[in-house]
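This is run_4.cif. It holds mmCIF, C-alpha atoms.
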data_final
#
loop_
_atom_site.label_atom_id
_atom_site.label_comp_id
_atom_site.auth_asym_id
_atom_site.auth_seq_id
_atom_site.Cartn_x
_atom_site.Cartn_y
_atom_site.Cartn_z
CA MET A 451 115.35 100.84 84.26
CA ALA A 452 116.26 97.19 84.06
CA MET A 453 119.89 98.02 84.84
CA VAL A 454 118.97 100.23 87.78
CA THR A 455 116.68 97.54 89.19
CA LEU A 456 119.35 94.86 88.78
CA ALA A 457 121.84 97.15 90.51
CA THR A 458 119.52 97.48 93.52
CA ARG A 459 119.39 93.67 93.73
CA LEU A 460 123.17 93.25 93.63
CA ALA A 461 124.10 96.27 95.76
CA GLY A 462 123.24 95.11 99.31
CA PRO A 463 125.76 92.28 99.74
CA TRP A 464 128.32 94.25 97.67
CA LEU A 465 128.09 97.22 100.04
CA MET A 466 128.42 94.89 103.04
CA ARG A 467 131.60 93.17 101.75
CA HIS A 468 133.95 95.04 104.05
CA VAL A 469 131.64 95.54 107.01
CA PRO A 470 132.93 93.27 109.77
CA ALA A 471 130.33 90.68 110.81
CA THR A 472 130.30 91.60 114.49
CA PRO A 473 127.40 90.38 116.65
CA ARG A 474 126.09 93.95 116.76
CA VAL A 475 126.09 94.25 112.96
CA ALA A 476 124.35 90.87 112.77
CA ALA A 477 121.73 92.10 115.28
CA PHE A 478 121.22 95.20 113.10
CA LEU A 479 120.72 93.14 109.94
CA GLU A 480 118.49 90.60 111.65
CA ALA A 481 116.18 93.30 113.06
CA MET A 482 116.26 95.11 109.70
CA SER A 483 115.10 92.05 107.82
CA THR A 484 111.86 91.74 109.81
CA SER A 485 111.45 95.53 109.85
CA VAL A 486 111.54 95.95 106.08
CA ILE A 487 108.69 93.45 105.69
CA ALA A 488 106.75 95.12 108.52
CA GLY A 489 107.25 98.44 106.71
CA LEU A 490 105.78 96.95 103.54
CA VAL A 491 102.72 95.65 105.39
CA VAL A 492 102.05 98.96 107.16
CA THR A 493 102.48 101.02 104.00
CA THR A 494 100.12 98.77 102.05
CA LEU A 495 97.55 98.91 104.86
CA LEU A 496 97.75 102.68 104.95
CA HIS A 497 96.75 102.80 101.29
CA SER A 498 93.90 100.33 101.71
CA GLY A 499 90.94 99.85 104.03
CA LEU A 500 89.27 97.82 106.75
CA ARG A 501 88.87 94.82 104.45
CA GLU A 502 92.64 94.49 104.05
CA GLY A 503 93.09 95.12 107.77
CA GLY A 504 90.72 92.23 108.48
CA ALA A 505 92.68 90.01 106.09
CA VAL A 506 95.94 90.83 107.90
CA ILE A 507 94.42 90.04 111.29
CA ALA A 508 93.10 86.71 109.99
CA ALA A 509 96.52 85.87 108.52
CA VAL A 510 98.37 86.77 111.72
CA VAL A 511 96.00 84.71 113.90
CA LEU A 512 96.32 81.65 111.64
CA MET A 513 100.09 82.02 111.46
CA TRP A 514 100.33 82.24 115.23
CA VAL A 515 98.18 79.14 115.70
CA THR A 516 99.32 76.92 112.81
CA ARG A 517 102.80 78.29 111.95
CA SER A 518 101.85 77.74 108.31
CA ALA A 519 102.22 80.68 105.91
CA VAL A 520 99.95 78.90 103.42
CA ALA A 521 97.19 78.58 106.02
CA ALA A 522 97.70 82.24 106.90
CA MET A 523 97.37 83.31 103.25
CA ALA A 524 94.26 81.18 102.84
CA ALA A 525 92.71 82.81 105.90
CA GLY A 526 93.57 86.28 104.57
CA ILE A 527 92.04 85.52 101.18
CA LEU A 528 88.93 84.00 102.76
CA MET A 529 88.47 86.99 105.03
CA ALA A 530 88.80 89.45 102.12
CA ALA A 531 86.46 87.39 99.92
CA VAL A 532 83.80 87.15 102.64
CA TRP A 533 84.18 90.88 103.33
CA SER A 534 83.65 91.67 99.63
CA ALA A 535 80.65 89.34 99.44
CA MET A 536 79.02 90.97 102.49
CA ALA A 537 79.68 94.48 101.16
CA VAL A 538 77.99 93.85 97.80
CA MET B 1222 119.40 82.59 123.13
CA VAL B 1223 116.81 82.28 120.40
CA SER B 1224 117.17 85.93 119.42
CA ASN B 1225 120.75 85.31 118.33
CA SER B 1226 119.84 82.62 115.80
CA ALA B 1227 121.02 84.63 112.78
CA VAL B 1228 124.23 85.56 114.54
CA ARG B 1229 124.98 81.90 115.00
CA ASP B 1230 123.82 80.84 111.55
CA SER B 1231 125.76 83.43 109.58
CA THR B 1232 128.95 81.73 110.68
CA ARG B 1233 127.61 78.40 109.47
CA GLN B 1234 128.54 77.18 106.00
CA VAL B 1235 126.00 78.41 103.45
CA ARG B 1236 124.49 76.02 100.89
CA PHE B 1237 123.40 76.86 97.35
CA THR B 1238 122.05 73.67 95.79
CA THR B 1239 119.73 72.72 92.93
CA ALA B 1240 117.63 70.83 95.48
CA GLY B 1241 117.30 74.12 97.35
CA VAL B 1242 116.26 75.89 94.15
CA SER B 1243 113.55 73.27 93.50
CA ARG B 1244 112.30 73.47 97.06
CA GLY B 1245 112.26 77.27 96.82
CA MET B 1246 110.01 76.99 93.76
CA LEU B 1247 107.62 74.68 95.61
CA ARG B 1248 107.62 76.83 98.73
CA LEU B 1249 106.53 79.93 96.83
CA MET B 1250 104.18 78.17 94.40
CA PRO B 1251 101.10 79.14 96.50
CA VAL B 1252 102.16 82.79 96.31
CA ALA B 1253 103.18 82.65 92.65
CA ILE B 1254 99.77 81.34 91.54
CA PHE B 1255 98.25 84.56 92.78
CA VAL B 1256 100.92 86.69 91.12
CA VAL B 1257 99.50 85.72 87.71
CA PRO B 1258 96.41 87.97 88.09
CA PHE B 1259 98.70 90.89 89.08
CA GLY B 1260 100.73 90.22 85.93
CA ILE B 1261 97.54 90.18 83.87
CA GLY B 1262 96.60 93.52 85.41
CA PHE B 1263 99.98 94.98 84.53
CA GLY B 1264 99.95 93.60 80.96
CA ALA B 1265 96.50 95.05 80.31
CA ALA B 1266 97.41 98.43 81.85
CA ALA B 1267 100.67 98.58 79.87
CA VAL B 1268 98.91 97.98 76.55
CA GLN B 1269 96.33 100.63 77.43
CA THR B 1270 99.17 103.06 78.14
CA GLY B 1271 100.54 102.46 74.65
CA LEU B 1272 103.19 99.77 75.06
CA SER B 1273 103.19 96.92 72.57
CA THR B 1274 102.61 93.38 73.78
CA ILE B 1275 106.31 92.66 73.21
CA GLN B 1276 107.41 95.78 75.11
CA ALA B 1277 105.21 94.95 78.09
CA SER B 1278 106.40 91.33 78.19
CA VAL B 1279 110.08 92.23 77.83
CA MET B 1280 109.68 94.84 80.55
CA SER B 1281 108.28 92.27 82.98
CA GLY B 1282 110.88 89.70 81.98
CA LEU B 1283 113.85 92.04 82.45
CA ILE B 1284 112.72 94.22 85.33
CA PHE B 1285 110.49 91.85 87.35
CA ALA B 1286 109.49 94.48 89.90
CA GLY B 1287 105.75 95.10 89.81
CA ALA B 1288 105.42 98.26 91.87
CA SER B 1289 108.07 100.13 89.89
CA GLN B 1290 106.64 98.91 86.58
CA PHE B 1291 103.19 100.27 87.45
CA ALA B 1292 104.84 103.50 88.60
CA VAL B 1293 106.64 104.11 85.30
CA LEU B 1294 103.44 103.61 83.29
CA ASP B 1295 102.38 106.97 84.73
CA LEU B 1296 105.47 108.57 83.14
CA TRP B 1297 105.17 106.79 79.79
CA GLN B 1298 105.19 109.36 76.96
CA SER B 1299 107.09 110.13 73.78
CA PRO B 1300 109.98 110.80 73.93
CA LEU B 1301 110.56 108.61 76.97
CA PRO B 1302 111.86 110.53 80.00
CA LEU B 1303 114.60 107.95 80.56
CA PHE B 1304 116.21 109.74 83.49
CA SER B 1305 112.89 110.03 85.33
CA LEU B 1306 112.14 106.37 84.63
CA ALA B 1307 115.51 105.38 86.09
CA LEU B 1308 114.93 107.55 89.17
CA VAL B 1309 111.52 105.98 89.80
CA ALA B 1310 113.00 102.50 89.40
CA LEU B 1311 115.71 103.39 91.92
CA ALA B 1312 113.29 104.89 94.45
CA VAL B 1313 110.73 102.10 94.36
CA ASN B 1314 113.32 99.32 94.24
CA ALA B 1315 115.85 100.71 96.72
CA ARG B 1316 114.46 98.34 99.35
CA HIS B 1317 116.20 95.53 97.44
CA ILE B 1318 119.46 97.03 98.72
CA ILE B 1319 118.21 96.67 102.30
CA MET B 1320 117.07 93.10 101.67
CA GLY B 1321 120.36 92.16 100.02
CA ALA B 1322 122.31 93.66 102.92
CA ALA B 1323 120.19 91.66 105.35
CA LEU B 1324 121.18 88.45 103.53
CA SER B 1325 124.83 89.47 103.08
CA GLY B 1326 126.11 87.22 105.88
CA TRP B 1327 125.13 84.21 103.78
CA ILE B 1328 125.37 85.60 100.23
CA ASN B 1329 128.93 86.85 100.66
CA GLN B 1330 130.14 83.34 101.49
CA LEU B 1331 129.40 82.44 97.84
CA THR B 1332 131.61 83.01 94.80
CA PRO B 1333 130.92 86.27 92.88
CA TRP B 1334 129.03 84.48 90.09
CA GLN B 1335 126.93 82.52 92.57
CA ARG B 1336 126.15 85.78 94.36
CA ALA B 1337 124.89 87.38 91.16
CA LEU B 1338 122.83 84.28 90.33
CA ALA B 1339 121.33 84.15 93.83
CA LEU B 1340 120.40 87.85 93.71
CA VAL B 1341 119.13 88.26 90.16
CA THR B 1342 115.53 87.43 91.12
CA LEU B 1343 115.60 89.06 94.60
CA SER B 1344 112.16 90.48 95.36
CA ASP B 1345 109.88 90.97 98.36
CA ALA B 1346 108.30 87.53 98.57
CA ASN B 1347 111.37 85.35 98.05
CA PHE B 1348 113.34 87.58 100.41
CA ALA B 1349 110.64 87.17 103.07
CA ASP B 1350 110.59 83.40 102.64
CA THR B 1351 114.37 82.99 102.60
CA GLN B 1352 115.08 85.20 105.60
CA ALA B 1353 112.49 83.19 107.54
CA SER B 1354 114.15 79.86 106.67
CA LEU B 1355 117.65 81.24 107.40
CA ARG B 1356 116.36 82.46 110.74
CA SER B 1357 115.05 78.98 111.54
CA GLY B 1358 118.57 77.61 111.01
CA ASP B 1359 118.49 76.31 107.43
CA PRO B 1360 121.46 78.02 105.64
CA GLU B 1361 120.19 77.35 102.09
CA ILE B 1362 120.33 80.23 99.56
CA GLY B 1363 118.79 78.13 96.76
CA TYR B 1364 115.34 79.02 98.16
CA LEU B 1365 115.95 82.64 97.14
CA LEU B 1366 116.65 81.80 93.50
CA GLY B 1367 113.98 79.08 93.27
CA GLY B 1368 111.30 81.27 94.81
CA GLY B 1369 112.37 84.15 92.56
CA LEU B 1370 112.21 81.98 89.44
CA ILE B 1371 108.66 80.77 90.09
CA LEU B 1372 107.54 84.34 90.88
CA TRP B 1373 109.26 85.59 87.72
CA LEU B 1374 107.54 82.91 85.65
CA ALA B 1375 104.15 83.85 87.11
CA TRP B 1376 104.69 87.60 86.66
CA THR B 1377 105.94 87.28 83.07
CA THR B 1378 103.26 84.77 82.06
CA GLY B 1379 100.59 86.98 83.59
CA THR B 1380 101.92 90.03 81.74
CA ILE B 1381 101.90 88.21 78.39
CA LEU B 1382 98.32 87.03 79.02
CA GLY B 1383 97.15 90.48 80.09
CA ALA B 1384 98.86 92.23 77.17
CA THR B 1385 97.40 89.73 74.68
CA ILE B 1386 93.85 89.16 75.87
CA GLY B 1387 93.43 92.25 78.02
CA SER B 1388 91.94 92.12 81.49
CA HIS B 1389 89.06 89.89 80.30
CA ALA B 1390 90.40 87.31 82.70
CA GLY B 1391 88.18 89.26 85.02
CA ASN B 1392 88.70 91.13 88.18
CA LEU B 1393 89.47 88.58 90.86
CA ASP B 1394 89.64 91.10 93.71
CA GLN B 1395 86.18 90.13 94.96
CA TRP B 1396 87.60 86.65 95.64
CA GLY B 1397 90.23 88.16 97.91
CA VAL B 1398 93.13 87.48 95.53
CA ASP B 1399 94.46 91.03 95.95
CA VAL B 1400 95.38 90.50 99.62
CA VAL B 1401 97.64 87.45 99.06
CA MET B 1402 100.97 89.27 99.24
CA LEU B 1403 99.82 91.38 102.17
CA ALA B 1404 98.67 88.28 104.09
CA PHE B 1405 101.92 86.46 103.25
CA PHE B 1406 104.12 89.34 104.48
CA ALA B 1407 102.04 89.73 107.66
CA ALA B 1408 102.42 85.98 108.25
CA VAL B 1409 106.20 86.19 107.77
CA VAL B 1410 106.52 89.03 110.31
CA CYS B 1411 104.40 86.99 112.73
CA GLY B 1412 106.55 83.90 112.05
CA ASP B 1413 109.76 85.88 112.67
CA LEU B 1414 108.42 87.02 116.03
CA ARG B 1415 107.55 83.42 116.90
CA GLN B 1416 111.09 82.42 115.93
CA GLY B 1417 112.40 84.79 118.57
CA ALA B 1418 112.81 88.08 116.70
CA ARG B 1419 112.51 90.99 119.11
CA VAL B 1420 109.27 92.93 119.14
CA LEU B 1421 110.57 96.46 119.77
CA PRO B 1422 112.37 96.89 116.39
CA VAL B 1423 109.17 95.86 114.60
CA ILE B 1424 107.09 98.32 116.64
CA VAL B 1425 109.55 101.14 115.93
CA ALA B 1426 109.74 100.21 112.23
CA THR B 1427 105.94 100.26 112.02
CA ALA B 1428 105.79 103.68 113.67
CA VAL B 1429 108.53 105.12 111.43
CA ALA B 1430 106.84 103.77 108.31
CA LEU B 1431 103.59 105.48 109.34
CA LEU B 1432 105.19 108.77 110.38
CA THR B 1433 107.40 109.19 107.30
CA VAL B 1434 105.01 108.00 104.59
CA ASP B 1435 103.84 111.56 103.83
CA LEU B 1436 107.27 113.15 104.35
CA LEU B 1437 109.41 110.99 102.07
CA PRO B 1438 109.10 110.16 98.36
CA ALA B 1439 107.25 106.90 97.62
CA GLY B 1440 109.16 103.84 98.78
CA TRP B 1441 111.63 105.60 101.06
CA ASN B 1442 109.45 105.34 104.15
CA ILE B 1443 109.95 101.56 104.02
CA ILE B 1444 113.71 102.06 103.94
CA ALA B 1445 113.54 104.51 106.85
CA ALA B 1446 111.46 101.94 108.76
CA ALA B 1447 113.93 99.14 108.02
CA VAL B 1448 116.96 101.17 109.12
CA ALA B 1449 115.18 102.40 112.27
CA GLY B 1450 114.20 98.83 113.18
CA GLY B 1451 117.77 97.68 112.53
CA LEU B 1452 119.21 100.40 114.77
CA VAL B 1453 116.85 99.44 117.59
CA GLY B 1454 117.92 95.81 117.15
CA ALA B 1455 121.59 96.80 117.28
CA ALA B 1456 121.02 98.97 120.35
CA GLN B 1457 119.20 96.13 122.11
CA HIS B 1458 121.99 93.71 121.35
CA GLY B 1459 123.60 92.27 124.43
CA ARG B 1460 120.86 93.29 126.79
#
Rewrite the structure of this file - the entire thing - as structure tokens.
Amino acid sequence: MAMVTLATRLAGPWLMRHVPATPRVAAFLEAMSTSVIAGLVVTTLLHSGLREGGAVIAAVVLMWVTRSAVAAMAAGILMAAVWSAMAV
Amino acid sequence: MVSNSAVRDSTRQVRFTTAGVSRGMLRLMPVAIFVVPFGIGFGAAAVQTGLSTIQASVMSGLIFAGASQFAVLDLWQSPLPLFSLALVALAVNARHIIMGAALSGWINQLTPWQRALALVTLSDANFADTQASLRSGDPEIGYLLGGGLILWLAWTTGTILGATIGSHAGNLDQWGVDVVMLAFFAAVVCGDLRQGARVLPVIVATAVALLTVDLLPAGWNIIAAAVAGGLVGAAQHGR
């Protein structure tokens, strides 16, 4: 398991060694790097509920306004904590 | 041409410095603090499944990939189904391949040993942080290793705590701790868009992730989403 996991970490750049770095390839990789994170967010949200959705909205709003990921995380945590407190 | 920032930067000389590693640790400290409770959760669950404290701790130390570690607990039995465990590890962690490929323009400028060192702690959060800083024009790969090291420390420490004292540390979910990673990733996507990343690939990736989640084995819908988003980005290029 450890070996397989390590292999997944090393494989990406290794596979790309001989792919020419054309602007189109770079555009593919750049779009892919935001998309993989977006995919993670959506998949997590799908397996959770409104509380997590509220936390994501709070984080996105704070990020848009402040450009600070720490502020965004704090807003997400606060939103989820308040949501839990209200639900109890 | 903000949207071509990575195109421009990947031709710039990459840096891999100890100062970058230290800064990477500091940058992801706020995330890593909240990884400790996840580690505690894993350590406690592993011991309940029948792993020893040592086994659980070594597993976190060597594998350092939470989702796949939780997944294999479901398969834990005697004798261990090693092939199935390896398959699960591959499926859940295959997104590392995508993330590594996305960083290849910078990573492949390094020597082979530096590449291995930079990648050994590659995971979701330090990838997200590093791709954001590369996008903003800071060609430093040390952030990847530094961020990975602090996350690794938090995950392993949490696992040891959880395996030793159980989950008595309490369930912190009511304080919102469980949404930290989700909020961080959402913030990074938002930050990328502010940095000039195109919107359409993200919309398509989101749709593909939703549409394929029930069709594909766990984890692969994220890969499908990433590739779809990448293809849209490539198709848009030059327009």
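Evaluated against the shown file, the PyMOL selection byres ((chain A and resi 458-466) around 7) gives A:Val454, A:Thr455, A:Leu456, A:Ala457, A:Arg467, A:His468, A:Val469, B:Asn1314, B:Ala1315, B:His1317, B:Ile1318, B:Ile1319, B:Met1320, B:Gly1321, B:Ala1322, B:Ser1325, B:Ile1328, B:Asn1329, B:Ala1337, B:Leu1340, B:Val1341, B:Leu1343.
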How far is it from atom CA of B:Gly1379 to atom CA of A:Thr494, in Å with one decimal?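 Atom CA of A:Thr494 lies 21.9 Å from atom CA of B:Gly1379.
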Evaluate the PyMOL selection byres ((chain A and resi 496) around 12) here and jot the selected residues down as an MDAnalysis selection string. (chainID A and resid 489:495 497:503) or (chainID B and resid 1403 1427:1428 1430:1435)
Could you please determine the separation between atom CA of A:Ser483 and atom CA of B:Phe1348 in Å, to one decimal place?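 For atom CA of A:Ser483 relative to atom CA of B:Phe1348, the distance reads 8.8 Å.
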Would you pick out the contacts of B:Leu1283 at 9 Å or less, using only C-alpha atoms, so that residues sharing its chain but fewer than 5 positions from it are not included, and give the list as an NGL selection string? (:A and (452-453 or 456)) or (:B and (1278))
Nearest residue to chain A from the set B:Gly1245, B:Pro1302, B:Pro1360, B:Gly1450 (distances using all atoms listed in the file): B:Gly1450
With the PyMOL selection byres ((chain A and resi 527) around 8) as the selection, what would be picked from this file? Answer as a PyMOL selection string, please. (chain A and resi 505+523-526+528-531) or (chain B and resi 1396-1401+1404)
For a test of reading the model, state the distance in Å between atom CA of B:Ala1310 and atom CA of B:Val1423, rounded to one decimal. 26.3 Å
When you look at B:Gly1241 with a cut-off of 10 Å (counting all atoms listed in the file), what residues show up, excluding the ones that are within fewer than 4 positions of it in the same chain? I need them as a list in words. Arg1236, Phe1237, Gly1245, Met1246, Leu1247, Glu1361, Ile1362, Gly1363, Tyr1364, Leu1365, Leu1366, Gly1367 and Gly1368 of chain B
May I have the selected residues written with C-alpha atoms, as a short mmCIF file (atom, residue, chain, number, x, y, z; two decimals), in the frame of the given file?
data_model
loop_
_atom_site.label_atom_id
_atom_site.label_comp_id
_atom_site.auth_asym_id
_atom_site.auth_seq_id
_atom_site.Cartn_x
_atom_site.Cartn_y
_atom_site.Cartn_z
CA ARG B 1236 124.49 76.02 100.89
CA PHE B 1237 123.40 76.86 97.35
CA GLY B 1245 112.26 77.27 96.82
CA MET B 1246 110.01 76.99 93.76
CA LEU B 1247 107.62 74.68 95.61
CA GLU B 1361 120.19 77.35 102.09
CA ILE B 1362 120.33 80.23 99.56
CA GLY B 1363 118.79 78.13 96.76
CA TYR B 1364 115.34 79.02 98.16
CA LEU B 1365 115.95 82.64 97.14
CA LEU B 1366 116.65 81.80 93.50
CA GLY B 1367 113.98 79.08 93.27
CA GLY B 1368 111.30 81.27 94.81
#
Of the candidates A:Glu480, A:Met451, A:Val475, A:Ala508, which shows the shortest atom-to-atom distance to A:Trp533, using only C-alpha atoms? A:Ala508
Please, can stretch 477-509 of chain A be completed to N, CA and C atoms and returned as a PDB file, keeping the file's coordinate frame?
ATOM      1  N   ALA A 477     122.995  91.739 114.620  1.00  0.00           N
ATOM      2  CA  ALA A 477     121.730  92.100 115.280  1.00  0.00           C
ATOM      3  C   ALA A 477     121.014  93.185 114.487  1.00  0.00           C
ATOM      4  N   PHE A 478     121.797  94.142 113.949  1.00  0.00           N
ATOM      5  CA  PHE A 478     121.220  95.200 113.100  1.00  0.00           C
ATOM      6  C   PHE A 478     120.543  94.593 111.883  1.00  0.00           C
ATOM      7  N   LEU A 479     121.254  93.711 111.179  1.00  0.00           N
ATOM      8  CA  LEU A 479     120.720  93.140 109.940  1.00  0.00           C
ATOM      9  C   LEU A 479     119.519  92.236 110.220  1.00  0.00           C
ATOM     10  N   GLU A 480     119.595  91.507 111.340  1.00  0.00           N
ATOM     11  CA  GLU A 480     118.490  90.600 111.650  1.00  0.00           C
ATOM     12  C   GLU A 480     117.214  91.391 111.965  1.00  0.00           C
ATOM     13  N   ALA A 481     117.353  92.466 112.749  1.00  0.00           N
ATOM     14  CA  ALA A 481     116.180  93.300 113.060  1.00  0.00           C
ATOM     15  C   ALA A 481     115.694  94.003 111.795  1.00  0.00           C
ATOM     16  N   MET A 482     116.643  94.400 110.933  1.00  0.00           N
ATOM     17  CA  MET A 482     116.260  95.110 109.700  1.00  0.00           C
ATOM     18  C   MET A 482     115.446  94.204 108.786  1.00  0.00           C
ATOM     19  N   SER A 483     115.770  92.902 108.780  1.00  0.00           N
ATOM     20  CA  SER A 483     115.100  92.050 107.820  1.00  0.00           C
ATOM     21  C   SER A 483     113.623  91.836 108.173  1.00  0.00           C
ATOM     22  N   THR A 484     113.279  91.796 109.453  1.00  0.00           N
ATOM     23  CA  THR A 484     111.860  91.740 109.810  1.00  0.00           C
ATOM     24  C   THR A 484     111.217  93.122 109.604  1.00  0.00           C
ATOM     25  N   SER A 485     111.993  94.175 109.913  1.00  0.00           N
ATOM     26  CA  SER A 485     111.450  95.530 109.850  1.00  0.00           C
ATOM     27  C   SER A 485     111.067  95.950 108.438  1.00  0.00           C
ATOM     28  N   VAL A 486     111.849  95.522 107.445  1.00  0.00           N
ATOM     29  CA  VAL A 486     111.540  95.950 106.080  1.00  0.00           C
ATOM     30  C   VAL A 486     110.213  95.327 105.634  1.00  0.00           C
ATOM     31  N   ILE A 487     109.957  94.096 106.059  1.00  0.00           N
ATOM     32  CA  ILE A 487     108.690  93.450 105.690  1.00  0.00           C
ATOM     33  C   ILE A 487     107.532  94.104 106.452  1.00  0.00           C
ATOM     34  N   ALA A 488     107.775  94.420 107.743  1.00  0.00           N
ATOM     35  CA  ALA A 488     106.750  95.120 108.520  1.00  0.00           C
ATOM     36  C   ALA A 488     106.415  96.469 107.884  1.00  0.00           C
ATOM     37  N   GLY A 489     107.462  97.160 107.383  1.00  0.00           N
ATOM     38  CA  GLY A 489     107.250  98.440 106.710  1.00  0.00           C
ATOM     39  C   GLY A 489     106.381  98.298 105.467  1.00  0.00           C
ATOM     40  N   LEU A 490     106.600  97.218 104.728  1.00  0.00           N
ATOM     41  CA  LEU A 490     105.780  96.950 103.540  1.00  0.00           C
ATOM     42  C   LEU A 490     104.314  96.747 103.916  1.00  0.00           C
ATOM     43  N   VAL A 491     104.096  95.956 104.965  1.00  0.00           N
ATOM     44  CA  VAL A 491     102.720  95.650 105.390  1.00  0.00           C
ATOM     45  C   VAL A 491     102.001  96.938 105.802  1.00  0.00           C
ATOM     46  N   VAL A 492     102.674  97.734 106.642  1.00  0.00           N
ATOM     47  CA  VAL A 492     102.050  98.960 107.160  1.00  0.00           C
ATOM     48  C   VAL A 492     101.730  99.927 106.026  1.00  0.00           C
ATOM     49  N   THR A 493     102.686 100.077 105.092  1.00  0.00           N
ATOM     50  CA  THR A 493     102.480 101.020 104.000  1.00  0.00           C
ATOM     51  C   THR A 493     101.322 100.574 103.113  1.00  0.00           C
ATOM     52  N   THR A 494     101.241  99.272 102.854  1.00  0.00           N
ATOM     53  CA  THR A 494     100.120  98.770 102.050  1.00  0.00           C
ATOM     54  C   THR A 494      98.800  99.004 102.776  1.00  0.00           C
ATOM     55  N   LEU A 495      98.785  98.730 104.087  1.00  0.00           N
ATOM     56  CA  LEU A 495      97.550  98.910 104.860  1.00  0.00           C
ATOM     57  C   LEU A 495      97.094 100.362 104.860  1.00  0.00           C
ATOM     58  N   LEU A 496      98.075 101.260 104.914  1.00  0.00           N
ATOM     59  CA  LEU A 496      97.750 102.680 104.950  1.00  0.00           C
ATOM     60  C   LEU A 496      97.033 103.123 103.678  1.00  0.00           C
ATOM     61  N   HIS A 497      97.365 102.441 102.572  1.00  0.00           N
ATOM     62  CA  HIS A 497      96.750 102.800 101.290  1.00  0.00           C
ATOM     63  C   HIS A 497      95.539 101.924 100.980  1.00  0.00           C
ATOM     64  N   SER A 498      95.092 101.141 101.964  1.00  0.00           N
ATOM     65  CA  SER A 498      93.900 100.330 101.710  1.00  0.00           C
ATOM     66  C   SER A 498      92.907 100.546 102.839  1.00  0.00           C
ATOM     67  N   GLY A 499      92.021  99.576 103.079  1.00  0.00           N
ATOM     68  CA  GLY A 499      90.940  99.850 104.030  1.00  0.00           C
ATOM     69  C   GLY A 499      90.760  98.775 105.080  1.00  0.00           C
ATOM     70  N   LEU A 500      89.576  98.765 105.668  1.00  0.00           N
ATOM     71  CA  LEU A 500      89.270  97.820 106.750  1.00  0.00           C
ATOM     72  C   LEU A 500      89.313  96.373 106.260  1.00  0.00           C
ATOM     73  N   ARG A 501      88.900  96.178 105.001  1.00  0.00           N
ATOM     74  CA  ARG A 501      88.870  94.820 104.450  1.00  0.00           C
ATOM     75  C   ARG A 501      90.263  94.210 104.484  1.00  0.00           C
ATOM     76  N   GLU A 502      91.269  94.983 104.048  1.00  0.00           N
ATOM     77  CA  GLU A 502      92.640  94.490 104.050  1.00  0.00           C
ATOM     78  C   GLU A 502      93.155  94.325 105.481  1.00  0.00           C
ATOM     79  N   GLY A 503      92.723  95.241 106.359  1.00  0.00           N
ATOM     80  CA  GLY A 503      93.090  95.120 107.770  1.00  0.00           C
ATOM     81  C   GLY A 503      92.562  93.823 108.361  1.00  0.00           C
ATOM     82  N   GLY A 504      91.312  93.485 108.016  1.00  0.00           N
ATOM     83  CA  GLY A 504      90.720  92.230 108.480  1.00  0.00           C
ATOM     84  C   GLY A 504      91.495  91.028 107.963  1.00  0.00           C
ATOM     85  N   ALA A 505      91.924  91.112 106.696  1.00  0.00           N
ATOM     86  CA  ALA A 505      92.680  90.010 106.090  1.00  0.00           C
ATOM     87  C   ALA A 505      94.007  89.810 106.830  1.00  0.00           C
ATOM     88  N   VAL A 506      94.664  90.928 107.189  1.00  0.00           N
ATOM     89  CA  VAL A 506      95.940  90.830 107.900  1.00  0.00           C
ATOM     90  C   VAL A 506      95.738  90.204 109.279  1.00  0.00           C
ATOM     91  N   ILE A 507      94.683  90.621 109.967  1.00  0.00           N
ATOM     92  CA  ILE A 507      94.420  90.040 111.290  1.00  0.00           C
ATOM     93  C   ILE A 507      94.168  88.534 111.171  1.00  0.00           C
ATOM     94  N   ALA A 508      93.379  88.137 110.190  1.00  0.00           N
ATOM     95  CA  ALA A 508      93.100  86.710 109.990  1.00  0.00           C
ATOM     96  C   ALA A 508      94.399  85.947 109.707  1.00  0.00           C
ATOM     97  N   ALA A 509      95.261  86.532 108.869  1.00  0.00           N
ATOM     98  CA  ALA A 509      96.520  85.870 108.520  1.00  0.00           C
ATOM     99  C   ALA A 509      97.418  85.729 109.748  1.00  0.00           C
TER     100      ALA A 509
END
